[in-house]
Structure formats: C-alpha cells, structure tokens
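File shown: structure07.txt (compact mmCIF, C-alpha atoms and all ligand atoms).
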# COMPACT_ATOMS: atom_id res chain seq x y z
CA MET H 1 36.52 7.57 8.48
CA LYS H 2 35.97 10.52 10.77
CA LEU H 3 32.71 12.41 11.24
CA TYR H 4 32.89 15.99 12.46
CA TYR H 5 29.58 16.98 14.00
CA ASN H 6 27.93 18.48 17.03
CA PRO H 7 25.11 16.63 18.82
CA MET H 8 23.03 19.85 19.07
CA SER H 9 23.13 20.40 15.30
CA THR H 10 20.19 19.02 13.34
CA ASN H 11 22.29 18.72 10.19
CA GLY H 12 25.01 17.01 12.19
CA ARG H 13 22.35 14.65 13.49
CA LEU H 14 21.44 13.55 9.95
CA ALA H 15 24.97 12.27 9.34
CA HIS H 16 25.30 10.82 12.84
CA VAL H 17 21.90 9.09 13.02
CA THR H 18 22.49 7.52 9.62
CA ALA H 19 25.86 6.13 10.75
CA VAL H 20 24.36 4.83 14.00
CA HIS H 21 21.39 3.24 12.19
CA LEU H 22 23.64 1.57 9.61
CA GLY H 23 26.17 0.46 12.23
CA THR H 24 28.93 2.26 10.32
CA GLN H 25 32.30 2.12 12.05
CA LEU H 26 33.66 5.63 12.23
CA GLU H 27 35.51 7.93 14.51
CA THR H 28 33.52 10.94 15.71
CA HIS H 29 34.80 14.37 16.58
CA VAL H 30 32.51 16.84 18.33
CA VAL H 31 33.17 20.26 16.83
CA GLU H 32 33.05 22.78 19.69
CA MET H 33 30.91 25.35 17.92
CA ALA H 34 30.44 27.44 21.05
CA LYS H 35 34.21 27.98 21.00
CA GLY H 36 34.22 28.75 17.27
CA GLU H 37 36.06 25.58 16.28
CA HIS H 38 34.03 25.42 13.04
CA LYS H 39 35.64 28.73 11.92
CA THR H 40 39.26 27.72 12.60
CA PRO H 41 41.66 27.31 9.65
CA GLU H 42 41.98 23.60 10.52
CA TYR H 43 38.25 22.99 10.27
CA LEU H 44 37.78 25.32 7.27
CA ALA H 45 40.30 23.14 5.44
CA ILE H 46 37.79 20.30 5.87
CA ASN H 47 34.58 22.27 5.33
CA PRO H 48 35.23 25.72 3.82
CA ASN H 49 31.62 26.69 4.64
CA GLY H 50 32.48 26.67 8.33
CA LYS H 51 29.50 24.48 9.14
CA VAL H 52 28.91 21.03 10.56
CA PRO H 53 28.83 18.21 9.66
CA ALA H 54 31.79 17.07 7.59
CA LEU H 55 33.21 13.64 6.84
CA VAL H 56 36.79 12.70 6.10
CA ASP H 57 37.41 9.34 4.45
CA GLY H 58 41.12 9.13 3.59
CA ASP H 59 41.80 12.03 1.26
CA PHE H 60 38.09 12.48 0.51
CA LYS H 61 36.51 15.39 2.37
CA LEU H 62 32.74 15.59 2.16
CA TRP H 63 30.37 18.27 3.46
CA GLU H 64 26.57 18.68 3.24
CA SER H 65 24.68 16.38 5.57
CA GLY H 66 22.49 14.84 2.85
CA ALA H 67 25.54 13.97 0.75
CA ILE H 68 27.32 12.48 3.79
CA ALA H 69 24.29 10.40 4.78
CA THR H 70 23.89 9.17 1.19
CA TYR H 71 27.61 8.28 0.99
CA LEU H 72 27.33 6.26 4.23
CA CYS H 73 24.36 4.40 2.72
CA GLU H 74 26.34 3.69 -0.47
CA LEU H 75 29.16 2.20 1.63
CA ALA H 76 26.82 0.03 3.72
CA PRO H 77 25.47 -3.34 2.66
CA LYS H 78 22.37 -2.98 0.49
CA SER H 79 19.14 -2.67 2.48
CA ASN H 80 15.67 -1.20 2.21
CA PHE H 81 16.92 1.82 4.18
CA TYR H 82 18.44 3.20 0.97
CA PRO H 83 16.40 1.84 -1.94
CA THR H 84 18.34 0.19 -4.73
CA ASP H 85 15.88 0.88 -7.55
CA PRO H 86 16.04 4.14 -9.57
CA LYS H 87 12.53 5.19 -8.56
CA GLY H 88 13.18 4.60 -4.86
CA ARG H 89 16.44 6.57 -5.05
CA ALA H 90 14.75 9.39 -6.94
CA ASP H 91 12.07 9.43 -4.27
CA VAL H 92 14.71 9.86 -1.53
CA ALA H 93 16.35 12.61 -3.62
CA ARG H 94 12.93 14.25 -4.03
CA TRP H 95 12.37 14.48 -0.25
CA ASN H 96 15.96 15.70 0.24
CA SER H 97 15.44 18.53 -2.29
CA TRP H 98 12.05 19.36 -0.78
CA LYS H 99 13.55 19.46 2.72
CA LEU H 100 16.44 21.70 1.62
CA ALA H 101 14.34 24.10 -0.44
CA HIS H 102 11.06 24.31 1.45
CA PHE H 103 10.36 22.34 4.60
CA GLY H 104 13.73 22.72 6.34
CA PRO H 105 13.94 26.53 6.03
CA ALA H 106 10.30 26.85 7.18
CA VAL H 107 10.72 24.70 10.31
CA GLY H 108 14.23 26.04 10.85
CA GLY H 109 12.96 29.62 10.78
CA ILE H 110 10.48 28.95 13.58
CA VAL H 111 12.99 26.90 15.58
CA TRP H 112 15.63 29.61 15.27
CA GLU H 113 13.33 32.40 16.44
CA ARG H 114 11.49 30.57 19.20
CA PHE H 115 14.13 28.20 20.53
CA MET H 116 17.71 28.67 19.33
CA LYS H 117 17.84 32.43 19.84
CA LYS H 118 16.77 31.94 23.44
CA VAL H 119 19.17 29.05 24.11
CA LEU H 120 22.20 30.50 22.32
CA MET H 121 21.79 34.25 22.83
CA ASN H 122 19.05 34.67 25.44
CA GLN H 123 17.05 36.70 22.91
CA THR H 124 13.31 36.71 22.30
CA ALA H 125 11.61 35.76 19.05
CA ASP H 126 10.91 38.26 16.30
CA GLU H 127 7.22 37.47 15.82
CA ASP H 128 7.13 38.85 12.26
CA LYS H 129 9.82 36.36 11.30
CA VAL H 130 7.96 33.55 13.11
CA LYS H 131 4.80 34.45 11.17
CA ALA H 132 6.63 34.41 7.83
CA SER H 133 8.14 30.98 8.60
CA GLU H 134 4.79 29.66 9.80
CA GLU H 135 3.23 30.72 6.50
CA GLN H 136 5.87 28.72 4.65
CA PHE H 137 5.40 25.77 7.00
CA ASN H 138 1.65 25.80 6.40
CA LEU H 139 2.27 25.88 2.67
CA PHE H 140 4.41 22.73 2.61
CA ALA H 141 3.38 20.65 5.64
CA PRO H 142 0.02 19.75 3.99
CA VAL H 143 1.95 18.03 1.17
CA MET H 144 3.71 15.75 3.64
CA ASN H 145 0.58 15.29 5.73
CA ALA H 146 -1.43 14.19 2.68
CA HIS H 147 1.31 11.75 1.66
CA LEU H 148 1.45 10.26 5.15
CA GLU H 149 -2.31 9.84 5.28
CA THR H 150 -1.88 6.72 3.13
CA HIS H 151 1.75 5.82 3.95
CA GLN H 152 3.54 4.93 7.17
CA TRP H 153 6.87 6.27 5.91
CA LEU H 154 7.93 8.70 3.19
CA VAL H 155 9.35 6.22 0.67
CA ASN H 156 8.41 2.62 -0.15
CA ASP H 157 6.34 2.33 3.04
CA THR H 158 9.41 1.39 5.03
CA LEU H 159 11.85 3.46 7.10
CA THR H 160 14.37 4.99 4.70
CA LEU H 161 16.97 7.71 4.65
CA ALA H 162 14.20 10.09 3.52
CA ASP H 163 12.58 9.89 6.98
CA PHE H 164 15.85 10.87 8.67
CA ILE H 165 16.39 13.67 6.11
CA VAL H 166 12.98 15.23 6.72
CA GLY H 167 12.91 14.37 10.43
CA CYS H 168 16.17 16.10 11.38
CA PRO H 169 14.95 19.70 10.98
CA MET H 170 12.03 18.75 13.23
CA THR H 171 14.34 17.84 16.11
CA TYR H 172 13.45 21.00 18.06
CA ALA H 173 9.95 21.47 16.60
CA GLN H 174 8.20 20.60 19.85
CA ALA H 175 10.51 22.81 21.91
CA ALA H 176 9.75 25.66 19.49
CA ASN H 177 5.98 25.06 19.62
CA VAL H 178 5.68 24.18 15.94
CA SER H 179 2.04 23.23 15.84
CA LEU H 180 1.17 19.86 14.28
CA GLU H 181 -2.49 20.16 15.28
CA ARG H 182 -3.56 20.52 11.65
CA TYR H 183 -1.23 17.72 10.56
CA PRO H 184 -2.16 14.53 12.45
CA HIS H 185 -0.41 12.25 9.93
CA ILE H 186 2.88 14.11 10.38
CA LYS H 187 2.41 13.81 14.13
CA ALA H 188 1.80 10.04 13.83
CA TRP H 189 4.88 9.67 11.58
CA TRP H 190 6.94 11.69 14.08
CA ASP H 191 5.81 9.37 16.87
CA ARG H 192 6.84 6.35 14.76
CA LEU H 193 10.21 7.91 13.98
CA SER H 194 10.73 8.62 17.68
CA GLN H 195 10.61 4.86 18.32
CA VAL H 196 13.59 4.12 16.04
CA PRO H 197 16.57 3.18 18.27
CA ALA H 198 19.16 5.24 16.32
CA TRP H 199 16.80 8.22 16.41
CA GLN H 200 16.46 7.91 20.18
CA LYS H 201 20.20 7.45 20.61
CA THR H 202 21.00 10.65 18.69
CA ALA H 203 18.39 12.91 20.29
CA PRO H 204 20.13 16.01 21.65
CA LYS H 205 20.20 16.22 25.42
CA MET H 206 18.14 19.23 26.42
N1 LIG F 1 23.31 22.45 4.19
C1 LIG F 1 24.25 22.18 5.27
C2 LIG F 1 23.89 23.06 6.43
C3 LIG F 1 24.89 22.91 7.58
C4 LIG F 1 24.56 23.89 8.69
O1 LIG F 1 23.90 24.92 8.48
N2 LIG F 1 25.04 23.55 9.90
C5 LIG F 1 24.83 24.44 11.01
C6 LIG F 1 24.46 23.64 12.25
S1 LIG F 1 22.90 22.83 12.09
C7 LIG F 1 26.12 25.18 11.30
O2 LIG F 1 27.18 24.61 11.26
N3 LIG F 1 26.00 26.47 11.62
C8 LIG F 1 27.12 27.27 12.04
C9 LIG F 1 27.35 28.45 11.18
O3 LIG F 1 26.67 28.60 10.15
O4 LIG F 1 28.20 29.25 11.54
C10 LIG F 1 24.18 20.69 5.64
O5 LIG F 1 23.10 20.10 5.48
O6 LIG F 1 25.20 20.13 6.05
Starting from the coordinates I provided, produce the structure as structure tokens.
Amino acid sequence: MKLYYNPMSTNGRLAHVTAVHLGTQLETHVVEMAKGEHKTPEYLAINPNGKVPALVDGDFKLWESGAIATYLCELAPKSNFYPTDPKGRADVARWNSWKLAHFGPAVGGIVWERFMKKVLMNQTADEDKVKASEEQFNLFAPVMNAHLETHQWLVNDTLTLADFIVGCPMTYAQAANVSLERYPHIKAWWDRLSQVPAWQKTAPKM
C-alpha cells in the first residue's frame, strides 16, 4: 500500500496519523504540492480532485481522508480505536460528517485567513472572512465543548478515530489564534490528544 500525502496538510495528516497509530505497514510518498505535483496527470490519475491524501492498495485507489483512515482501521486488527459495534461506528461517522459539514470549514476558514495565506502567499487576513468563520466556529464548538464536559474522548470514552478526524483541522488552530477561551473542555481534550504518540509524531514541523 502507498499513501500519498504531505506532512503540512491537515487532511493528509488524518490518513498518516491513523496509519502511524495503527502501526500499518505502508509506503509513503510526499506529494510536492509547492511544485504542483498534485495537479500532474500522474497524480490526477490517482486522485482526480487534485488533492491530498490518496491511497493506492493494488488496483484500488482511494481518496478522501476520512475514507482512507476508515479503510486502514478496517484492515487493522480489531481494537477500541475503531469501535466494532454499530452504535460506536455510527458515532464515529457522526463526528466525521459533523467535521466535514460544520466544524472543519469553520476552523479551516480561520486557519486559511490567519495562517495559511501568510505562510503560502505572504498575504494578510481578510477580517470579514475571519469574522464569518468565527461565527460558524462559535455556532458548532459549543456542541463539542458540551459533549466533552462529561467525556474524555468523543466516542466511547476512549481514544478513537473520531478524535483524529475532528483533531486534524485543529492542527494550526493555535498558530491561527483560534480562541478556545470559551471552550475549556475542547482545550482539555486537545491537550490530551497532544499527548498521543502518533499525534506528536505527525505534527507538522513549523
Ligand atoms: N475532503 C478532502 C479534502 C482534501 C484537501 O482539501 N486537501 C488539501 C490539503 S489539506 C489539498 O490537497 N489542497 C490542494 C488543492 O486543493 O489544490 C479530504 O478529506 O481528503
């Protein structure tokens, strides 16, 4: 199996951190996004969206980080990390959908304006866009904060794939000054997640 990713990409991190945590044996290929490798015909034949990550397992080509991470869990020996019961799996799917539809775009919007634009293009943030993303963040973060008030982790009170799924878009949250002041239980969860060895190992070098 070969994972195409880039260590700076938060979606790439979801696939990579899951593989590292599970101890999955795979070959990795760093897609040189700065050189446009993700838009080359060779890479587009693997992921026609021109985005990272992507996984190739024989003749099976898989894109979408959540799908890749779930596939790696399915291949690994059964463990609490990916629940085996229907309710536990639905709960992971719930947080994945919530991340994709609500939380990820909200955090990602702030991170893009305040951090990525500076790093990649030396541009300053559009404060109207930051404000719009912050409004979305403050709409959805309370849901997670309330859940974490009575739980250590998102699903089954143990570290699961759901924590990696929701944690990845927060990779640059601190660098982008995403304020967790109103969300102490998210902050405590983030601190717990930051202790996980695979999480530490896959933190982008800044
Ligand atoms: N929903 C996709 C999103 C992938 C994605 O947006 N990847 C970004 C990096 S984090 C990318 O490749 N961007 C380059 C581009 O869109 O040109 C996933 O989860 O895999």
Within-10 Å shell of (13.0, 29.4, 7.8) in input frame, only C-alpha atoms, as JSON, numbers by chain: {"H": [101, 102, 103, 104, 105, 106, 107, 108, 109, 110, 111, 112, 113, 129, 130, 132, 133, 134, 135, 136, 137]}
Taking only C-alpha atoms and all ligand atoms into account, report as a ChimeraX atom specification which residues have an atom no farther than 6 Å from an atom of ligand LIG 1 (chain F). /H:9-11,50-53,64-66
Neighbour list for Ile165 of chain H as a PyMOL selection string, cut-off 10 Å, only C-alpha atoms, skip fewer than 3 positions in-chain: chain H and resi 10-11+13-15+17-18+65-66+69+92-93+95-100+104+160-162+168-170
Which value, in Å to one decimal, gives the distance between atom CA of Lys2 of chain H and atom CA of Ala54 of chain H? 8.4 Å
Which residues are close to segment 178-189 of chain H, i.e. within 12 Å by all atoms listed in the file, leaving aside same-chain residues fewer than 4 positions away? Reply as a ChimeraX atom specification. /H:106-115,130-131,133-135,137-154,157-159,163-164,166-167,169-174,193-196
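Rounded to one decimal, atom CA of Ala34 of chain H and atom CA of Met8 of chain H lie 10.8 Å from each other.
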Using all atoms listed in the file, which of the listed residues (H:Asp91, H:Glu37, H:Asp126, H:Glu27) sits closest to Asp57 of chain H?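 Once distances to Asp57 of chain H are computed over all atoms listed in the file, the minimum belongs to H:Glu27.
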Test item: residues at most 7 Å from Ala198 of chain H, all atoms listed in the file, excluding those fewer than 4 positions along its chain, as a list of chain:residue names: H:Val17, H:Val20, H:His21, H:Thr202
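One finds atom CA of Val30 of chain H at 14.0 Å from atom CA of Ile46 of chain H.
Minimum atom-to-atom distances from H:Ala76, H:Met33, H:Pro7, H:Ala175 to Pro204 of chain H were compared using all atoms listed in the file, and the lowest value belongs to H:Pro7.
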Save segment 59-75 of chain H to disk from that block, N, CA and C atoms included, as a CSV table (one decimal), in the first residue's frame.
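Writing done, so here's part.csv:
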chain,number,residue,atom,x,y,z
H,59,ASP,N,-4.9,-2.5,-7.1
H,59,ASP,CA,-5.6,-1.7,-8.1
H,59,ASP,C,-6.7,-0.8,-7.5
H,60,PHE,N,-6.7,-0.7,-6.2
H,60,PHE,CA,-7.7,0.1,-5.5
H,60,PHE,C,-7.1,1.5,-5.2
H,61,LYS,N,-7.8,2.5,-5.8
H,61,LYS,CA,-7.3,3.9,-5.5
H,61,LYS,C,-8.4,4.5,-4.6
H,62,LEU,N,-7.9,5.1,-3.5
H,62,LEU,CA,-8.9,5.7,-2.6
H,62,LEU,C,-8.5,7.1,-2.2
H,63,TRP,N,-9.5,8.0,-2.4
H,63,TRP,CA,-9.2,9.4,-1.9
H,63,TRP,C,-10.3,9.8,-0.9
H,64,GLU,N,-10.2,10.9,-0.2
H,64,GLU,CA,-10.9,11.4,0.9
H,64,GLU,C,-10.3,10.8,2.2
H,65,SER,N,-9.8,11.7,3.0
H,65,SER,CA,-9.0,11.3,4.2
H,65,SER,C,-9.8,10.5,5.1
H,66,GLY,N,-11.1,10.8,5.3
H,66,GLY,CA,-11.9,10.0,6.3
H,66,GLY,C,-12.1,8.6,5.8
H,67,ALA,N,-12.3,8.4,4.5
H,67,ALA,CA,-12.5,7.1,3.9
H,67,ALA,C,-11.2,6.3,4.0
H,68,ILE,N,-10.0,7.0,3.8
H,68,ILE,CA,-8.7,6.3,3.8
H,68,ILE,C,-8.5,5.8,5.3
H,69,ALA,N,-8.7,6.7,6.2
H,69,ALA,CA,-8.5,6.4,7.6
H,69,ALA,C,-9.4,5.2,8.1
H,70,THR,N,-10.6,5.3,7.6
H,70,THR,CA,-11.6,4.2,8.0
H,70,THR,C,-11.1,2.9,7.3
H,71,TYR,N,-10.7,2.9,6.1
H,71,TYR,CA,-10.2,1.7,5.4
H,71,TYR,C,-9.0,1.1,6.2
H,72,LEU,N,-8.1,2.0,6.6
H,72,LEU,CA,-6.9,1.5,7.4
H,72,LEU,C,-7.4,0.8,8.7
H,73,CYS,N,-8.4,1.4,9.3
H,73,CYS,CA,-8.9,0.8,10.5
H,73,CYS,C,-9.6,-0.6,10.2
H,74,GLU,N,-10.3,-0.7,9.1
H,74,GLU,CA,-10.9,-2.0,8.7
H,74,GLU,C,-9.9,-3.0,8.5
H,75,LEU,N,-8.7,-2.6,8.0
H,75,LEU,CA,-7.6,-3.6,7.7
H,75,LEU,C,-6.9,-4.0,8.9
